[in-house]
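Here the structure is laid out as structure tokens; the discussion comes afterwards.
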Amino acid sequence: MTAELLRKKEKLAEQILSLGKIAVAFSAGVDSTFLLKMCSDILGGSALALTCVSPLTPVREQSAAAEFCRENGIKQIVISPDLLSLDVFAENPPDRCYHCKKALFCAIVREAEKEGINTVADGSNADDTGDYRPGMRALEELGVISPLKEAGLTKADIRALSKEMGLPTWSKPSYACLATRIEYGEPVTAGKLGIIEKAEQKLFELGFTQARVRMHGSLARIEVDKDSLCRLADEKTAGEINSYLRSLGFLYVTADLAGYESGSMNRALAGIK
């Protein structure tokens, strides 16, 4: 561990210790897993995991969150806010993430308060300031803190520290909610989210570790790491993917030659950023 990384970790630990009690919005991703483990190691039973279960999150992630808390003796509370019932979210405007985060974290804050916890934290890191992220405004309005970002920890830092701590998520691919696969302006529905989850699960089962299936009406645009593009184009693999995704209802199945790009749907918002 470099001196700089050690300094960041110590800064994070000091902040966590000063809080006394904390509720972590826990999704089982790289960032929230590291934050929750740090909080649990430092605060013990005064650290609570709050996990949202909804059509926006694949079942595999929900199961991973429950398993991690169970294995590490961390109290977990699962909430199920009906985010799709919010018209302003389901209509999928450019600030969709703001409305989702506002509703979700309102529910999380309320649940934390029931447990006597006044501090709620999320797993945003220092890299989360570069892309178009309207959801960050909702966190600020609700007073949700982002300890990883405040400590200056980047995604690479968090992966390095997670590996040192023996966390299974240190090499886990980045993940975002399923609504990010649907182009802005197209309604977000449980049906569409279910199709996307099944489509991406197929890619994972075929060995693609970083993959997205972006939905553009009846067209599926597949993103995988550039190193995996050749394998995606393999005749047998391509045929299997095409057949399965068409069985889900897609009329056209394409591969994005640029490869995987976080937040690629935001290209259409160039004038907004």
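Ordering of the structure tokens sets the chain letters (A, B, ...), residue numbers begin anew at 1 in every chain, and ligands are numbered from 1 in the order given.
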
- Query: Which neighbours of Ile22 of chain A fall inside 7 Å, counting only C-alpha atoms, when residues of the same chain fewer than 3 positions from it are skipped, and could you give them as JSON, numbers by chain?
  - Reply: {"A": [19, 46, 47, 48, 117, 119, 120]}

- Message: Report as a ChimeraX atom specification all protein, DNA and RNA residues lying within 9 Å of Gly73 of chain A, evaluated on only C-alpha atoms, omitting residues in the same chain fewer than 5 positions from it.
- Response: /A:40,45,68

- Message: Counting only C-alpha atoms, which residue out of A:Lys21, A:Lys149, A:Val144, A:Glu115 sits closest to Asp127 of chain A?
- Response: A:Lys149

- All strand (DSSP E or B) residues (DSSP, backbone) inside segment 36-229 of chain A, as number ranges by chain: A: 47-52, 75-79, 120-121, 145, 182, 211-216, 219-224

Go ahead and write the selection's residues with C-alpha atoms as a JSON list (two decimals), in the first residue's frame.
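out_18.json was written with the following content:
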```
[["chain", "number", "residue", "atom", "x", "y", "z"],
["A", 47, "ALA", "CA", -23.22, -0.20, 11.31],
["A", 48, "LEU", "CA", -26.41, -1.08, 9.44],
["A", 49, "ALA", "CA", -26.87, -2.18, 5.83],
["A", 50, "LEU", "CA", -29.95, -0.91, 4.01],
["A", 51, "THR", "CA", -30.66, -2.63, 0.69],
["A", 52, "CYS", "CA", -33.30, -1.72, -1.88],
["A", 75, "LYS", "CA", -27.56, -6.40, 10.26],
["A", 76, "GLN", "CA", -29.37, -5.84, 6.98],
["A", 77, "ILE", "CA", -32.75, -4.28, 6.39],
["A", 78, "VAL", "CA", -34.35, -4.69, 2.97],
["A", 79, "ILE", "CA", -36.78, -2.09, 1.66],
["A", 120, "VAL", "CA", -26.88, 7.66, 6.02],
["A", 121, "ALA", "CA", -23.97, 7.05, 3.65],
["A", 145, "ILE", "CA", -22.85, 11.61, 3.07],
["A", 182, "ILE", "CA", -33.11, 2.38, -21.60],
["A", 211, "ALA", "CA", -21.48, -6.32, -20.31],
["A", 212, "ARG", "CA", -24.46, -4.11, -20.97],
["A", 213, "VAL", "CA", -27.53, -4.60, -23.13],
["A", 214, "ARG", "CA", -28.81, -1.15, -24.09],
["A", 215, "MET", "CA", -32.42, -1.02, -25.25],
["A", 216, "HIS", "CA", -33.27, 1.22, -28.19],
["A", 219, "LEU", "CA", -33.00, -2.95, -31.02],
["A", 220, "ALA", "CA", -30.51, -4.35, -28.49],
["A", 221, "ARG", "CA", -27.07, -2.71, -28.47],
["A", 222, "ILE", "CA", -24.57, -4.94, -26.70],
["A", 223, "GLU", "CA", -21.52, -3.47, -25.03],
["A", 224, "VAL", "CA", -18.63, -5.66, -23.83]]
```

- Separation of atom CA of Ala268 of chain A and atom CA of Ala90 of chain A, in Å?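 According to the coordinates, atom CA of Ala268 of chain A and atom CA of Ala90 of chain A are separated by 18.5 Å.
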
- Spatial neighbours of Leu153 of chain A, 6 Å, only C-alpha atoms, chain gap at least 4 places, as an MDAnalysis selection string: chainID A and resid 125:126 148:149 157

- Query: Counting only C-alpha atoms, what is within 12 Å of segment 230-245 of chain A, bar same-chain residues fewer than 5 positions away, as number ranges by chain?
  - Reply: A: 195-208, 211, 213-215, 218-225, 250-257, 259

- Pick from A:Ala13, A:Ala138, A:Val53, A:Ala112, whichever lies nearest to Arg96 of chain A using only C-alpha atoms: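 With only C-alpha atoms as the atom set, the closest residue is A:Ala138.
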
Using DSSP on the backbone coordinates, identify the residues of segment 23-271 of chain A assigned to helix (DSSP H, G or I); present them as an mmCIF file with C-alpha atoms, in the first residue's frame.
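Output below, filename states28.cif:
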```
data_model
loop_
_atom_site.group_PDB
_atom_site.id
_atom_site.type_symbol
_atom_site.label_atom_id
_atom_site.label_comp_id
_atom_site.auth_asym_id
_atom_site.auth_seq_id
_atom_site.Cartn_x
_atom_site.Cartn_y
_atom_site.Cartn_z
ATOM 1 C CA VAL A 30 -17.499 -2.708 -5.231
ATOM 2 C CA ASP A 31 -17.875 0.646 -3.474
ATOM 3 C CA SER A 32 -20.714 -0.015 -1.055
ATOM 4 C CA THR A 33 -19.243 -3.390 -0.058
ATOM 5 C CA PHE A 34 -15.913 -1.791 0.856
ATOM 6 C CA LEU A 35 -17.624 1.041 2.735
ATOM 7 C CA LEU A 36 -19.927 -1.305 4.645
ATOM 8 C CA LYS A 37 -17.038 -3.586 5.655
ATOM 9 C CA MET A 38 -14.996 -0.629 6.873
ATOM 10 C CA CYS A 39 -17.966 0.643 8.874
ATOM 11 C CA SER A 40 -18.647 -2.798 10.332
ATOM 12 C CA ASP A 41 -14.987 -3.349 11.272
ATOM 13 C CA ILE A 42 -14.811 0.036 13.007
ATOM 14 C CA LEU A 43 -18.296 0.425 14.502
ATOM 15 C CA GLY A 44 -19.363 -3.184 14.898
ATOM 16 C CA GLY A 45 -23.112 -3.523 15.484
ATOM 17 C CA SER A 46 -23.585 0.221 15.073
ATOM 18 C CA VAL A 59 -31.864 -10.777 -8.429
ATOM 19 C CA ARG A 60 -28.212 -11.854 -8.423
ATOM 20 C CA GLU A 61 -27.211 -8.533 -6.810
ATOM 21 C CA GLN A 62 -29.940 -8.782 -4.191
ATOM 22 C CA SER A 63 -28.776 -12.300 -3.301
ATOM 23 C CA ALA A 64 -25.131 -11.202 -3.144
ATOM 24 C CA ALA A 65 -26.016 -8.394 -0.727
ATOM 25 C CA ALA A 66 -27.885 -10.743 1.601
ATOM 26 C CA GLU A 67 -25.086 -13.318 1.510
ATOM 27 C CA PHE A 68 -22.376 -10.753 2.312
ATOM 28 C CA CYS A 69 -24.268 -9.423 5.329
ATOM 29 C CA ARG A 70 -25.008 -12.910 6.572
ATOM 30 C CA GLU A 71 -21.382 -14.052 6.254
ATOM 31 C CA ASN A 72 -20.054 -10.944 7.989
ATOM 32 C CA LEU A 83 -40.070 3.477 -7.763
ATOM 33 C CA LEU A 84 -41.894 2.603 -10.986
ATOM 34 C CA SER A 85 -45.079 4.128 -9.591
ATOM 35 C CA ASP A 87 -44.515 8.980 -13.132
ATOM 36 C CA VAL A 88 -41.678 11.505 -13.151
ATOM 37 C CA PHE A 89 -39.226 8.595 -12.953
ATOM 38 C CA ALA A 90 -41.026 6.093 -15.198
ATOM 39 C CA ARG A 96 -34.504 10.391 -14.104
ATOM 40 C CA CYS A 97 -31.715 9.481 -11.692
ATOM 41 C CA TYR A 98 -32.466 12.505 -9.525
ATOM 42 C CA HIS A 99 -36.078 11.465 -8.983
ATOM 43 C CA CYS A 100 -35.088 7.840 -8.371
ATOM 44 C CA LYS A 101 -32.387 8.722 -5.851
ATOM 45 C CA LYS A 102 -34.653 11.196 -4.075
ATOM 46 C CA ALA A 103 -37.429 8.637 -3.584
ATOM 47 C CA LEU A 104 -35.046 5.801 -2.749
ATOM 48 C CA PHE A 105 -32.989 7.690 -0.207
ATOM 49 C CA CYS A 106 -36.045 9.257 1.378
ATOM 50 C CA ALA A 107 -37.130 5.691 2.135
ATOM 51 C CA ILE A 108 -33.634 4.751 3.335
ATOM 52 C CA VAL A 109 -33.367 7.790 5.616
ATOM 53 C CA ARG A 110 -36.777 7.034 7.150
ATOM 54 C CA GLU A 111 -35.795 3.425 7.797
ATOM 55 C CA ALA A 112 -32.482 4.481 9.350
ATOM 56 C CA GLU A 113 -34.270 6.906 11.667
ATOM 57 C CA LYS A 114 -36.519 4.083 12.864
ATOM 58 C CA GLY A 135 -28.684 11.734 -8.606
ATOM 59 C CA MET A 136 -25.873 13.379 -6.655
ATOM 60 C CA ARG A 137 -28.063 16.455 -6.165
ATOM 61 C CA ALA A 138 -30.705 14.340 -4.426
ATOM 62 C CA LEU A 139 -28.120 12.989 -1.985
ATOM 63 C CA GLU A 140 -26.985 16.503 -1.133
ATOM 64 C CA GLU A 141 -30.558 17.667 -0.552
ATOM 65 C CA LEU A 142 -31.192 14.792 1.865
ATOM 66 C CA PRO A 147 -17.317 9.048 2.879
ATOM 67 C CA LEU A 148 -15.359 7.425 0.044
ATOM 68 C CA LYS A 149 -15.580 10.549 -2.073
ATOM 69 C CA GLU A 150 -14.740 12.783 0.876
ATOM 70 C CA LYS A 155 -12.464 3.275 -7.893
ATOM 71 C CA ALA A 156 -8.908 1.978 -8.397
ATOM 72 C CA ASP A 157 -8.083 2.813 -4.771
ATOM 73 C CA ILE A 158 -11.160 0.995 -3.531
ATOM 74 C CA ARG A 159 -10.363 -2.081 -5.593
ATOM 75 C CA ALA A 160 -6.797 -2.127 -4.239
ATOM 76 C CA LEU A 161 -7.944 -1.784 -0.625
ATOM 77 C CA SER A 162 -10.703 -4.351 -1.140
ATOM 78 C CA LYS A 163 -8.166 -6.840 -2.448
ATOM 79 C CA GLU A 164 -5.929 -6.233 0.553
ATOM 80 C CA PRO A 168 -14.611 -10.838 -3.054
ATOM 81 C CA THR A 169 -15.777 -7.683 -4.817
ATOM 82 C CA TRP A 170 -12.299 -6.275 -5.463
ATOM 83 C CA SER A 171 -12.408 -7.474 -9.076
ATOM 84 C CA LEU A 178 -31.053 -1.479 -15.095
ATOM 85 C CA ALA A 179 -32.875 1.739 -15.968
ATOM 86 C CA THR A 180 -29.603 3.093 -17.375
ATOM 87 C CA ARG A 181 -29.998 0.636 -20.265
ATOM 88 C CA ALA A 190 -40.993 -3.634 -15.168
ATOM 89 C CA GLY A 191 -41.329 -5.623 -18.397
ATOM 90 C CA LYS A 192 -38.431 -3.861 -20.086
ATOM 91 C CA LEU A 193 -36.243 -4.165 -16.995
ATOM 92 C CA GLY A 194 -36.963 -7.888 -16.806
ATOM 93 C CA ILE A 195 -35.993 -8.376 -20.455
ATOM 94 C CA ILE A 196 -32.730 -6.469 -19.957
ATOM 95 C CA GLU A 197 -31.883 -8.473 -16.835
ATOM 96 C CA LYS A 198 -32.410 -11.761 -18.689
ATOM 97 C CA ALA A 199 -30.406 -10.560 -21.699
ATOM 98 C CA GLU A 200 -27.429 -9.501 -19.575
ATOM 99 C CA GLN A 201 -27.607 -12.673 -17.497
ATOM 100 C CA LYS A 202 -27.198 -14.640 -20.730
ATOM 101 C CA LEU A 203 -24.006 -12.726 -21.507
ATOM 102 C CA PHE A 204 -22.650 -13.362 -18.008
ATOM 103 C CA GLU A 205 -23.396 -17.073 -18.364
ATOM 104 C CA LYS A 226 -13.010 -4.237 -26.243
ATOM 105 C CA ASP A 227 -10.900 -7.327 -25.572
ATOM 106 C CA SER A 228 -14.086 -9.409 -25.755
ATOM 107 C CA LEU A 229 -15.426 -8.022 -29.039
ATOM 108 C CA CYS A 230 -13.798 -10.765 -31.092
ATOM 109 C CA ARG A 231 -15.356 -13.450 -28.922
ATOM 110 C CA LEU A 232 -18.719 -11.707 -29.201
ATOM 111 C CA GLU A 235 -20.227 -17.378 -35.101
ATOM 112 C CA LYS A 236 -21.503 -19.830 -32.507
ATOM 113 C CA THR A 237 -21.554 -17.307 -29.663
ATOM 114 C CA ALA A 238 -23.140 -14.592 -31.794
ATOM 115 C CA GLY A 239 -25.778 -17.021 -33.010
ATOM 116 C CA GLU A 240 -26.669 -18.110 -29.486
ATOM 117 C CA ILE A 241 -26.914 -14.522 -28.236
ATOM 118 C CA ASN A 242 -28.924 -13.392 -31.237
ATOM 119 C CA SER A 243 -31.358 -16.274 -30.911
ATOM 120 C CA TYR A 244 -31.880 -15.754 -27.191
ATOM 121 C CA LEU A 245 -32.302 -11.972 -27.320
ATOM 122 C CA ARG A 246 -34.749 -12.268 -30.207
ATOM 123 C CA SER A 247 -36.733 -14.758 -28.134
ATOM 124 C CA SER A 264 -22.969 5.608 -22.812
ATOM 125 C CA MET A 265 -26.655 6.611 -22.930
ATOM 126 C CA ASN A 266 -25.536 10.053 -21.787
ATOM 127 C CA ARG A 267 -23.975 10.775 -25.183
ATOM 128 C CA ALA A 268 -27.386 12.066 -26.211
ATOM 129 C CA LEU A 269 -27.204 14.650 -23.418
#
```

- Report the distance between atom CA of Ser27 of chain A and atom CA of Leu6 of chain A in Å, rounded to one decimal place. 25.3 Å

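The list of residues with at least one atom within 6 Å of Asp122 of chain A, based on only C-alpha atoms and without residues fewer than 3 positions apart in the same chain, reads Val24, Ala25 and Ser146 of chain A.
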